[in-house]
>>> print(open('final.tsv').read())   # TSV, C-alpha atoms
chain	number	residue	atom	x	y	z
F	1	MET	CA	-37.09	16.47	147.91
F	2	VAL	CA	-35.44	19.49	149.44
F	3	ASP	CA	-32.69	21.37	147.54
F	4	LEU	CA	-29.84	22.55	149.66
F	5	PRO	CA	-27.75	25.51	148.60
F	6	VAL	CA	-24.17	24.70	147.72
F	7	SER	CA	-21.46	27.32	148.05
F	8	LEU	CA	-18.76	27.34	145.41
F	9	ASP	CA	-16.18	27.99	148.15
F	10	SER	CA	-16.80	24.53	149.58
F	11	LEU	CA	-15.78	22.96	146.29
F	12	LYS	CA	-12.34	24.55	146.24
F	13	PRO	CA	-9.45	22.05	146.58
F	14	VAL	CA	-7.73	21.80	149.95
F	15	SER	CA	-4.55	23.82	150.10
F	16	LEU	CA	-1.18	22.11	150.33
F	17	THR	CA	-0.36	24.02	153.53
F	18	SER	CA	-3.41	22.65	155.36
F	19	SER	CA	-2.55	19.12	154.32
F	20	LEU	CA	0.99	19.42	155.59
F	21	VAL	CA	-0.19	20.77	158.96
F	22	PHE	CA	-2.57	17.81	159.35
F	23	LEU	CA	0.16	15.29	158.50
F	24	MET	CA	2.57	16.91	160.94
F	25	HIS	CA	-0.05	16.60	163.69
F	26	LEU	CA	-0.39	12.89	163.03
F	27	LEU	CA	3.36	12.36	163.07
F	28	LEU	CA	3.76	14.21	166.36
F	29	LEU	CA	1.24	11.99	168.16
F	30	GLN	CA	3.05	9.80	170.73
F	31	PRO	CA	2.68	6.00	170.41
F	32	GLY	CA	0.12	4.65	172.84
F	33	GLU	CA	-1.61	8.02	173.34
F	34	PRO	CA	-5.09	7.42	174.78
F	35	SER	CA	-8.04	7.67	172.51
F	36	SER	CA	-11.77	7.57	173.04
F	37	GLU	CA	-11.71	3.79	172.59
F	38	VAL	CA	-9.49	3.07	175.64
F	39	GLU	CA	-11.29	1.20	178.42
F	40	VAL	CA	-10.59	0.61	182.10
F	41	LEU	CA	-11.22	-3.03	182.98
F	42	GLY	CA	-11.65	-4.40	186.49
F	43	PRO	CA	-13.07	-7.64	187.94
F	44	GLU	CA	-15.99	-8.83	185.84
F	45	HIS	CA	-17.83	-10.53	188.72
F	46	PRO	CA	-18.33	-9.81	192.43
F	47	ILE	CA	-15.32	-10.78	194.53
F	48	LEU	CA	-15.88	-12.98	197.60
F	49	ALA	CA	-13.39	-12.56	200.45
F	50	LEU	CA	-13.15	-14.37	203.80
F	51	VAL	CA	-12.83	-12.43	207.03
F	52	GLY	CA	-9.20	-12.08	208.11
F	53	GLU	CA	-7.76	-12.96	204.71
F	54	GLU	CA	-6.50	-10.94	201.70
F	55	VAL	CA	-8.20	-9.87	198.48
F	56	GLU	CA	-6.85	-8.44	195.21
F	57	PHE	CA	-8.36	-5.72	193.02
F	58	PRO	CA	-6.80	-5.94	189.51
F	59	CYS	CA	-7.27	-3.09	187.02
F	60	HIS	CA	-5.81	-2.50	183.55
F	61	LEU	CA	-6.19	-0.42	180.43
F	62	TRP	CA	-7.31	-1.86	177.11
F	63	PRO	CA	-5.60	-1.55	174.75
F	64	GLN	CA	-2.34	-1.52	176.71
F	65	LEU	CA	-1.00	1.94	177.55
F	66	ASP	CA	1.80	3.19	179.75
F	67	ALA	CA	0.16	4.38	182.98
F	68	GLN	CA	3.25	5.45	184.90
F	69	GLN	CA	2.44	9.15	184.47
F	70	MET	CA	-1.28	8.72	185.17
F	71	GLU	CA	-3.20	9.15	188.38
F	72	ILE	CA	-4.69	5.82	189.55
F	73	CYS	CA	-7.20	5.83	192.38
F	74	TRP	CA	-9.03	2.95	194.06
F	75	PHE	CA	-12.15	4.05	195.86
F	76	ARG	CA	-15.21	2.71	197.64
F	77	SER	CA	-18.66	3.79	196.42
F	78	HIS	CA	-17.37	7.27	195.44
F	79	THR	CA	-14.06	8.67	194.20
F	80	LEU	CA	-13.85	10.84	197.32
F	81	ASN	CA	-13.65	7.69	199.50
F	82	VAL	CA	-10.03	6.88	198.68
F	83	VAL	CA	-8.84	3.33	199.32
F	84	HIS	CA	-5.42	3.86	197.67
F	85	LEU	CA	-3.99	6.66	195.51
F	86	TYR	CA	-1.10	6.63	193.02
F	87	GLN	CA	-0.19	10.09	191.71
F	88	GLU	CA	2.88	11.60	190.06
F	89	GLN	CA	4.65	8.25	190.22
F	90	GLN	CA	4.26	7.88	193.97
F	91	GLU	CA	1.76	6.53	196.46
F	92	LEU	CA	-0.05	8.95	198.79
F	93	PRO	CA	-1.14	7.10	201.97
F	94	GLY	CA	-2.18	10.36	203.57
F	95	ARG	CA	-5.15	10.55	201.20
F	96	GLN	CA	-6.54	7.17	202.23
F	97	MET	CA	-9.62	6.65	204.39
F	98	GLN	CA	-8.59	5.84	207.95
F	99	VAL	CA	-10.07	2.32	207.83
F	100	PHE	CA	-7.77	1.35	204.94
F	101	ARG	CA	-4.47	2.74	206.22
F	102	ASN	CA	-1.69	0.15	206.61
F	103	ARG	CA	-3.92	-2.43	204.93
F	104	THR	CA	-3.20	-1.85	201.23
F	105	LYS	CA	-0.30	-2.68	198.90
F	106	LEU	CA	0.06	-1.59	195.28
F	107	VAL	CA	1.61	-4.08	192.85
F	108	LYS	CA	2.78	-2.07	189.82
F	109	ASP	CA	5.22	-4.41	188.09
F	110	ASP	CA	3.27	-4.07	184.83
F	111	ILE	CA	2.22	-0.42	185.14
F	112	ALA	CA	4.12	0.38	181.91
F	113	TYR	CA	1.56	-1.86	180.18
F	114	GLY	CA	-1.38	-0.26	181.97
F	115	SER	CA	-1.87	-3.12	184.46
F	116	VAL	CA	-1.88	-2.72	188.26
F	117	VAL	CA	-3.17	-4.70	191.25
F	118	LEU	CA	-4.22	-3.45	194.70
F	119	GLN	CA	-4.03	-5.90	197.62
F	120	LEU	CA	-6.29	-5.35	200.62
F	121	HIS	CA	-5.29	-7.20	203.80
F	122	SER	CA	-7.13	-8.29	206.97
F	123	ILE	CA	-10.65	-8.28	205.57
F	124	VAL	CA	-13.42	-7.29	208.00
F	125	PRO	CA	-17.22	-7.42	207.52
F	126	SER	CA	-17.44	-3.65	207.08
F	127	ASP	CA	-15.24	-3.87	203.93
F	128	LYS	CA	-18.13	-5.18	201.86
F	129	GLY	CA	-19.54	-2.83	199.24
F	130	ILE	CA	-18.94	-1.30	195.78
F	131	TYR	CA	-15.34	-0.55	194.77
F	132	GLY	CA	-13.75	0.99	191.73
F	133	CYS	CA	-10.49	2.09	190.12
F	134	ARG	CA	-10.02	5.26	188.08
F	135	PHE	CA	-7.26	6.10	185.58
F	136	HIS	CA	-6.82	9.81	184.87
F	137	SER	CA	-4.49	11.88	182.71
F	138	ASP	CA	-4.68	15.19	180.81
F	139	ASN	CA	-6.36	13.58	177.81
F	140	PHE	CA	-8.03	10.50	179.30
F	141	SER	CA	-10.20	9.49	182.23
F	142	GLY	CA	-12.01	6.22	182.85
F	143	GLU	CA	-13.05	3.89	185.67
F	144	ALA	CA	-14.35	0.41	186.42
F	145	LEU	CA	-16.65	-0.78	189.24
F	146	TRP	CA	-17.21	-4.11	190.99
F	147	GLU	CA	-18.66	-5.51	194.23
F	148	LEU	CA	-16.84	-7.00	197.21
F	149	GLU	CA	-18.73	-9.58	199.29
F	150	VAL	CA	-17.46	-10.71	202.69
F	151	ALA	CA	-18.17	-14.00	204.46
F	152	ALA	CA	-17.04	-15.97	207.51
F	153	LEU	CA	-17.67	-19.59	208.47
F	154	GLY	CA	-18.10	-19.58	212.23
F	155	SER	CA	-16.56	-21.68	214.95
F	156	ASP	CA	-17.49	-25.30	215.63
F	157	PRO	CA	-20.74	-25.21	217.63
F	158	HIS	CA	-20.78	-26.09	221.32
F	159	LEU	CA	-23.69	-28.44	222.00
F	160	SER	CA	-24.81	-29.17	225.55
F	161	LEU	CA	-27.55	-31.16	227.27
F	162	GLU	CA	-29.21	-28.81	229.75
F	163	GLY	CA	-31.47	-31.36	231.47
F	164	PHE	CA	-35.16	-32.23	231.68
F	165	LYS	CA	-37.71	-29.56	230.80
F	166	GLU	CA	-41.41	-29.62	229.99
F	167	GLY	CA	-41.54	-33.41	229.61
F	168	GLY	CA	-38.48	-33.64	227.39
F	169	ILE	CA	-34.75	-33.02	227.17
F	170	GLN	CA	-33.43	-29.53	226.48
F	171	LEU	CA	-30.49	-29.23	224.06
F	172	ARG	CA	-28.60	-25.95	223.69
F	173	LEU	CA	-26.26	-24.85	220.88
F	174	ARG	CA	-23.79	-21.95	220.85
F	175	SER	CA	-21.49	-20.71	218.07
F	176	SER	CA	-19.77	-17.48	217.01
F	177	GLY	CA	-17.83	-15.85	214.18
F	178	TRP	CA	-20.45	-16.07	211.39
F	179	TYR	CA	-21.04	-13.64	208.51
F	180	PRO	CA	-23.49	-12.87	207.08
F	181	LYS	CA	-26.31	-13.86	209.42
F	182	PRO	CA	-26.48	-17.69	209.49
F	183	LYS	CA	-29.51	-19.95	209.27
F	184	VAL	CA	-30.06	-22.49	212.08
F	185	GLN	CA	-32.25	-25.57	211.79
F	186	TRP	CA	-33.12	-28.43	214.20
F	187	ARG	CA	-34.42	-31.71	212.71
F	188	ASP	CA	-35.59	-35.04	214.11
F	189	HIS	CA	-34.52	-38.49	212.89
F	190	GLN	CA	-37.09	-38.32	210.08
F	191	GLY	CA	-35.76	-34.99	208.79
F	192	GLN	CA	-38.74	-33.05	210.10
F	193	CYS	CA	-38.07	-29.54	211.38
F	194	LEU	CA	-38.17	-29.06	215.15
F	195	PRO	CA	-39.26	-25.58	216.27
F	196	PRO	CA	-36.61	-23.96	218.50
F	197	GLU	CA	-37.59	-23.18	222.05
F	198	PHE	CA	-35.23	-20.19	221.98
F	199	GLU	CA	-33.06	-18.52	219.34
F	200	ALA	CA	-30.91	-15.38	219.42
F	201	ILE	CA	-28.49	-14.21	216.69
F	202	VAL	CA	-26.62	-10.99	217.54
F	203	TRP	CA	-23.68	-8.90	216.32
F	204	ASP	CA	-20.48	-9.00	218.32
F	205	ALA	CA	-17.76	-6.34	218.66
F	206	GLN	CA	-15.99	-7.53	215.48
F	207	GLY	CA	-19.12	-7.17	213.36
F	208	LEU	CA	-19.65	-10.94	213.22
F	209	PHE	CA	-22.70	-12.91	214.28
F	210	SER	CA	-22.94	-15.04	217.42
F	211	LEU	CA	-25.87	-17.37	217.97
F	212	GLU	CA	-27.54	-19.35	220.71
F	213	THR	CA	-30.48	-21.67	220.22
F	214	SER	CA	-32.20	-24.44	222.15
F	215	VAL	CA	-34.82	-27.10	221.55
F	216	VAL	CA	-36.82	-29.44	223.80
F	217	VAL	CA	-36.84	-33.01	222.49
F	218	ARG	CA	-39.92	-34.94	223.57
F	219	GLU	CA	-41.19	-38.48	223.13
F	220	GLY	CA	-41.82	-39.13	219.46
F	221	ALA	CA	-38.77	-37.15	218.32
F	222	LEU	CA	-36.22	-39.53	219.75
F	223	SER	CA	-33.22	-41.30	218.30
F	224	ASN	CA	-31.16	-38.98	216.08
F	225	VAL	CA	-31.59	-35.22	216.47
F	226	SER	CA	-29.56	-33.01	214.14
F	227	VAL	CA	-28.78	-29.31	214.12
F	228	SER	CA	-27.19	-27.37	211.26
F	229	ILE	CA	-25.81	-23.85	210.89
F	230	GLN	CA	-25.62	-22.65	207.29
F	231	ASN	CA	-23.77	-19.76	205.62
F	232	LEU	CA	-25.95	-19.01	202.62
F	233	LEU	CA	-23.32	-16.86	200.89
F	234	LEU	CA	-20.66	-19.58	201.05
F	235	SER	CA	-23.21	-22.40	200.52
F	236	GLN	CA	-21.53	-24.20	203.42
F	237	LYS	CA	-22.87	-25.48	206.70
F	238	LYS	CA	-21.82	-27.22	209.89
F	239	GLU	CA	-24.06	-30.03	211.05
F	240	PHE	CA	-24.08	-32.21	214.18
F	241	VAL	CA	-26.11	-35.26	215.12
F	242	VAL	CA	-27.09	-36.12	218.71
F	243	GLN	CA	-28.03	-39.64	219.80
F	244	ILE	CA	-30.79	-39.64	222.43
F	245	ALA	CA	-31.89	-42.91	224.01
F	246	ASP	CA	-35.53	-43.40	225.02
F	247	VAL	CA	-34.62	-44.10	228.62
F	248	PHE	CA	-33.44	-40.49	229.10
F	249	VAL	CA	-36.75	-38.91	228.17
F	250	PRO	CA	-39.33	-38.65	230.97
F	251	GLY	CA	-42.28	-40.95	230.37
F	252	ALA	CA	-40.68	-42.52	227.31
F	253	SER	CA	-39.52	-45.78	228.92
F	254	PRO	CA	-41.67	-48.56	230.43
F	255	TRP	CA	-38.78	-49.40	232.75
F	256	LYS	CA	-38.84	-45.98	234.40
F	257	SER	CA	-41.40	-46.87	237.14
F	258	ALA	CA	-39.62	-50.12	237.96
F	259	PHE	CA	-36.32	-48.31	238.20
F	260	VAL	CA	-37.77	-45.61	240.46
F	261	ALA	CA	-39.38	-48.26	242.72
F	262	THR	CA	-36.14	-50.23	243.00
F	263	LEU	CA	-33.90	-47.27	243.66
F	264	PRO	CA	-34.72	-46.62	247.39
F	265	PRO	CA	-34.14	-50.25	248.54
F	266	LEU	CA	-30.98	-50.36	246.48
F	267	LEU	CA	-29.71	-47.24	248.19
F	268	LEU	CA	-30.48	-48.76	251.62
F	269	VAL	CA	-28.56	-51.93	250.79
F	270	LEU	CA	-25.57	-49.89	249.61
F	271	ALA	CA	-25.69	-47.80	252.79
F	272	ALA	CA	-25.78	-50.93	254.98
F	273	LEU	CA	-22.82	-52.44	253.14
F	274	ALA	CA	-20.84	-49.24	253.55
F	275	LEU	CA	-21.62	-49.11	257.28
F	276	GLY	CA	-20.53	-52.74	257.75
F	277	VAL	CA	-17.23	-52.07	256.03
F	278	LEU	CA	-16.57	-49.04	258.23
F	279	GLN	CA	-17.31	-50.97	261.44
F	280	LYS	CA	-15.02	-53.83	260.38
F	281	GLN	CA	-12.20	-51.40	259.69
F	282	ARG	CA	-12.74	-49.76	263.10
F	283	ARG	CA	-12.54	-53.12	264.95
F	284	SER	CA	-9.37	-54.07	263.09
F	285	ARG	CA	-7.69	-50.80	264.04
F	286	GLU	CA	-8.71	-51.26	267.72
F	287	LYS	CA	-7.30	-54.81	267.79
F	288	LEU	CA	-3.98	-53.71	266.34
F	289	ARG	CA	-3.74	-50.88	268.84
F	290	LYS	CA	-4.26	-53.22	271.81
F	291	GLN	CA	-1.67	-55.68	270.50
F	292	ALA	CA	0.86	-52.87	270.16
F	293	GLU	CA	0.20	-51.70	273.74
F	294	LYS	CA	0.73	-55.24	275.13
F	295	ARG	CA	4.04	-55.64	273.28
F	296	GLN	CA	5.19	-52.30	274.57
F	297	GLU	CA	4.27	-53.15	278.18
F	298	LYS	CA	6.12	-56.49	277.96
F	299	LEU	CA	9.23	-54.87	276.53
F	300	THR	CA	9.18	-52.16	279.18
F	301	ALA	CA	8.99	-54.76	281.95
F	302	GLU	CA	11.94	-56.72	280.55
F	303	LEU	CA	14.04	-53.55	280.25
F	304	GLU	CA	13.29	-52.56	283.84
F	305	LYS	CA	14.31	-56.04	285.02
F	306	LEU	CA	17.52	-55.88	283.02
F	307	GLN	CA	18.31	-52.41	284.35
F	308	THR	CA	17.88	-53.61	287.94
F	309	GLU	CA	20.22	-56.53	287.41
F	310	LEU	CA	22.78	-54.27	285.68
F	311	ASP	CA	22.76	-51.90	288.61
F	312	TRP	CA	23.39	-54.76	291.01
F	313	ARG	CA	26.22	-56.23	288.85
F	314	ARG	CA	27.82	-52.82	288.50
F	315	ALA	CA	27.85	-52.52	292.23
F	316	GLU	CA	29.63	-55.86	292.35
F	317	GLY	CA	32.05	-54.84	289.55
F	318	GLN	CA	30.80	-57.53	287.20
F	319	ALA	CA	28.35	-55.61	285.00
F	320	GLU	CA	30.32	-55.61	281.78
F	321	CYS	CA	31.17	-59.28	281.92
F	322	PHE	CA	27.59	-60.13	282.71
F	323	ILE	CA	26.19	-58.16	279.75
F	324	LEU	CA	28.65	-59.65	277.28
F	325	ALA	CA	28.09	-63.13	278.50
F	326	SER	CA	24.31	-63.00	278.79
F	327	HIS	CA	23.32	-60.97	275.68
F	328	PRO	CA	24.92	-60.71	272.23
F	329	PRO	CA	25.71	-57.20	270.96
F	330	GLY	CA	22.74	-57.25	268.52
F	331	GLU	CA	20.24	-57.77	271.31
F	332	ILE	CA	21.80	-54.97	273.36
F	333	GLN	CA	21.46	-52.56	270.40
F	334	ALA	CA	17.83	-53.60	269.82
F	335	ALA	CA	17.03	-53.09	273.46
F	336	SER	CA	18.68	-49.66	273.43
F	337	ASN	CA	16.66	-48.63	270.36
F	338	SER	CA	13.43	-49.84	271.93
F	339	THR	CA	14.18	-47.83	275.07
F	340	THR	CA	14.79	-44.73	273.02
F	341	THR	CA	11.53	-45.22	271.12
F	342	LEU	CA	9.51	-45.68	274.28
F	343	ASN	CA	11.04	-42.64	275.90
F	344	ALA	CA	10.21	-40.61	272.84
>>> encode(input="final.tsv", output="structure tokens")
Amino acid sequence: MVDLPVSLDSLKPVSLTSSLVFLMHLLLLQPGEPSSEVEVLGPEHPILALVGEEVEFPCHLWPQLDAQQMEICWFRSHTLNVVHLYQEQQELPGRQMQVFRNRTKLVKDDIAYGSVVLQLHSIVPSDKGIYGCRFHSDNFSGEALWELEVAALGSDPHLSLEGFKEGGIQLRLRSSGWYPKPKVQWRDHQGQCLPPEFEAIVWDAQGLFSLETSVVVREGALSNVSVSIQNLLLSQKKEFVVQIADVFVPGASPWKSAFVATLPPLLLVLAALALGVLQKQRRSREKLRKQAEKRQEKLTAELEKLQTELDWRRAEGQAECFILASHPPGEIQAASNSTTTLNA
């Protein structure tokens, strides 16, 4: 055991003046003044946001304190990378990083209780990362950190049949607007994986992924062929099923040789039928043309005969009476129209 020296001065009673000073200090403390036990609380778990949408970053003090006079800063990765800054009871957009300007909104309805929310609009893939909020005053400073994850479920795939290739049928799939990098899988009707003939997944100008993949379906992998594109972060996928009949695959159908052998004679028969139809139409048009010429010649002869007789009657002064007596007005008009048509 070790004896420690004890000074008699330390055993003197505390003076009344010192006690009064200590009590006055306690009374002068403002309600809600920060202490070492105050915490800054943010999102407890990573936040998942979809491309093009909005996300909220809530932050608050615990226990509740009035934060109106504090500096509140949202940042990415480091406090120097300012996402949004509230200082001296006003917002300072000039201190923001360029990529976040005109994309943030501070909701401070409950700032008197130490609670604020930052809204970030128009999410893009490059927004993903570590974020934080920091409360600072003359006698308190604290911050909270969390992670933002970004995802996008791409467009509906465009599936096309490219044609015959290497003894099978080539199917091609295209899609865009995915984030993060998607997983593509071809399967046959038994659920077995089909190796892609070609696959390319690349970044586009918006930071999203576009993909193109193809597969050659051969005999033995017929019937249903499915293809799926999966977003692992969202645990969602888009899947399509293609029905392929045996007859379309080279060598897969016993009827193929019979069909190929029958095709040339069939084409000859169709060609002969088409030629016969054309000849029949040509003969009909020629017959109608000759009939029209004969009617025109007959009408012309009758008009010439009538004109000769009219000239003779006119010379005798009896033309008008002859016309009225021999032909009704309707026939005269028809004859006049026919003459005009022929002259034309």
>>> residues_around(input="final.tsv", residues="Ala112 of chain F", least_positions_apart="2", cutoff="10 Å", atoms="all atoms listed in the file", output="list in words")
Gln64, Leu65, Asp66, Ala67, Gln68, Gln69, Lys108, Asp109, Asp110, Gly114, Ser115 and Val116 of chain F
>>> write_last_selection(input="final.tsv", atoms="C-alpha atoms", output="CSV table (one decimal), in the frame of the given file")
chain,number,residue,atom,x,y,z
F,64,GLN,CA,-2.3,-1.5,176.7
F,65,LEU,CA,-1.0,1.9,177.6
F,66,ASP,CA,1.8,3.2,179.8
F,67,ALA,CA,0.2,4.4,183.0
F,68,GLN,CA,3.2,5.4,184.9
F,69,GLN,CA,2.4,9.2,184.5
F,108,LYS,CA,2.8,-2.1,189.8
F,109,ASP,CA,5.2,-4.4,188.1
F,110,ASP,CA,3.3,-4.1,184.8
F,114,GLY,CA,-1.4,-0.3,182.0
F,115,SER,CA,-1.9,-3.1,184.5
F,116,VAL,CA,-1.9,-2.7,188.3
>>> atom_distance(input="final.tsv", atom1="atom CA of Ile169 of chain F", atom2="atom CA of Ser228 of chain F")
18.5 Å
>>> residues_around(input="final.tsv", residues="Gln87 of chain F", least_positions_apart="6", cutoff="7 Å", atoms="all atoms listed in the file", output="PDB file with C-alpha atoms, in the frame of the given file")
ATOM      1  CA  MET F  70      -1.280   8.720 185.170  1.00  0.00           C
ATOM      2  CA  GLU F  71      -3.200   9.150 188.380  1.00  0.00           C
ATOM      3  CA  ILE F  72      -4.690   5.820 189.550  1.00  0.00           C
TER       4      ILE F  72
END
>>> residues_around(input="final.tsv", residues="Glu212 of chain F", least_positions_apart="6", cutoff="6 Å", atoms="all atoms listed in the file", output="PyMOL selection string")
chain F and resi 173-174+199-200
>>> atom_distance(input="final.tsv", atom1="atom CA of Val215 of chain F", atom2="atom CA of Lys181 of chain F")
19.9 Å
>>> build_atoms(input="final.tsv", residues="segment 96-109 of chain F", atoms="N, CA and C atoms", output="mmCIF file, in the coordinates of the input")
data_model
loop_
_atom_site.group_PDB
_atom_site.id
_atom_site.type_symbol
_atom_site.label_atom_id
_atom_site.label_comp_id
_atom_site.auth_asym_id
_atom_site.auth_seq_id
_atom_site.Cartn_x
_atom_site.Cartn_y
_atom_site.Cartn_z
ATOM 1 N N GLN F 96 -5.672 8.324 202.013
ATOM 2 C CA GLN F 96 -6.540 7.170 202.230
ATOM 3 C C GLN F 96 -7.562 7.425 203.339
ATOM 4 N N MET F 97 -8.691 6.700 203.260
ATOM 5 C CA MET F 97 -9.620 6.650 204.390
ATOM 6 C C MET F 97 -8.925 5.964 205.560
ATOM 7 N N GLN F 98 -9.260 6.358 206.758
ATOM 8 C CA GLN F 98 -8.590 5.840 207.950
ATOM 9 C C GLN F 98 -8.699 4.325 208.052
ATOM 10 N N VAL F 99 -9.839 3.767 207.663
ATOM 11 C CA VAL F 99 -10.070 2.320 207.830
ATOM 12 C C VAL F 99 -9.182 1.484 206.915
ATOM 13 N N PHE F 100 -8.588 2.117 205.886
ATOM 14 C CA PHE F 100 -7.770 1.350 204.940
ATOM 15 C C PHE F 100 -6.266 1.592 205.122
ATOM 16 N N ARG F 101 -5.889 2.451 206.039
ATOM 17 C CA ARG F 101 -4.470 2.740 206.220
ATOM 18 C C ARG F 101 -3.733 1.517 206.781
ATOM 19 N N ASN F 102 -2.541 1.287 206.237
ATOM 20 C CA ASN F 102 -1.690 0.150 206.610
ATOM 21 C C ASN F 102 -2.306 -1.196 206.249
ATOM 22 N N ARG F 103 -3.285 -1.178 205.346
ATOM 23 C CA ARG F 103 -3.920 -2.430 204.930
ATOM 24 C C ARG F 103 -3.841 -2.659 203.426
ATOM 25 N N THR F 104 -3.240 -1.734 202.676
ATOM 26 C CA THR F 104 -3.200 -1.850 201.230
ATOM 27 C C THR F 104 -1.757 -1.933 200.721
ATOM 28 N N LYS F 105 -1.602 -2.583 199.561
ATOM 29 C CA LYS F 105 -0.300 -2.680 198.900
ATOM 30 C C LYS F 105 -0.518 -2.638 197.390
ATOM 31 N N LEU F 106 0.191 -1.743 196.732
ATOM 32 C CA LEU F 106 0.060 -1.590 195.280
ATOM 33 C C LEU F 106 1.134 -2.418 194.574
ATOM 34 N N VAL F 107 0.702 -3.286 193.677
ATOM 35 C CA VAL F 107 1.610 -4.080 192.850
ATOM 36 C C VAL F 107 1.603 -3.448 191.460
ATOM 37 N N LYS F 108 2.726 -2.816 191.077
ATOM 38 C CA LYS F 108 2.780 -2.070 189.820
ATOM 39 C C LYS F 108 3.898 -2.565 188.905
ATOM 40 N N ASP F 109 4.174 -3.847 188.942
ATOM 41 C CA ASP F 109 5.220 -4.410 188.090
ATOM 42 C C ASP F 109 4.930 -4.206 186.609
#
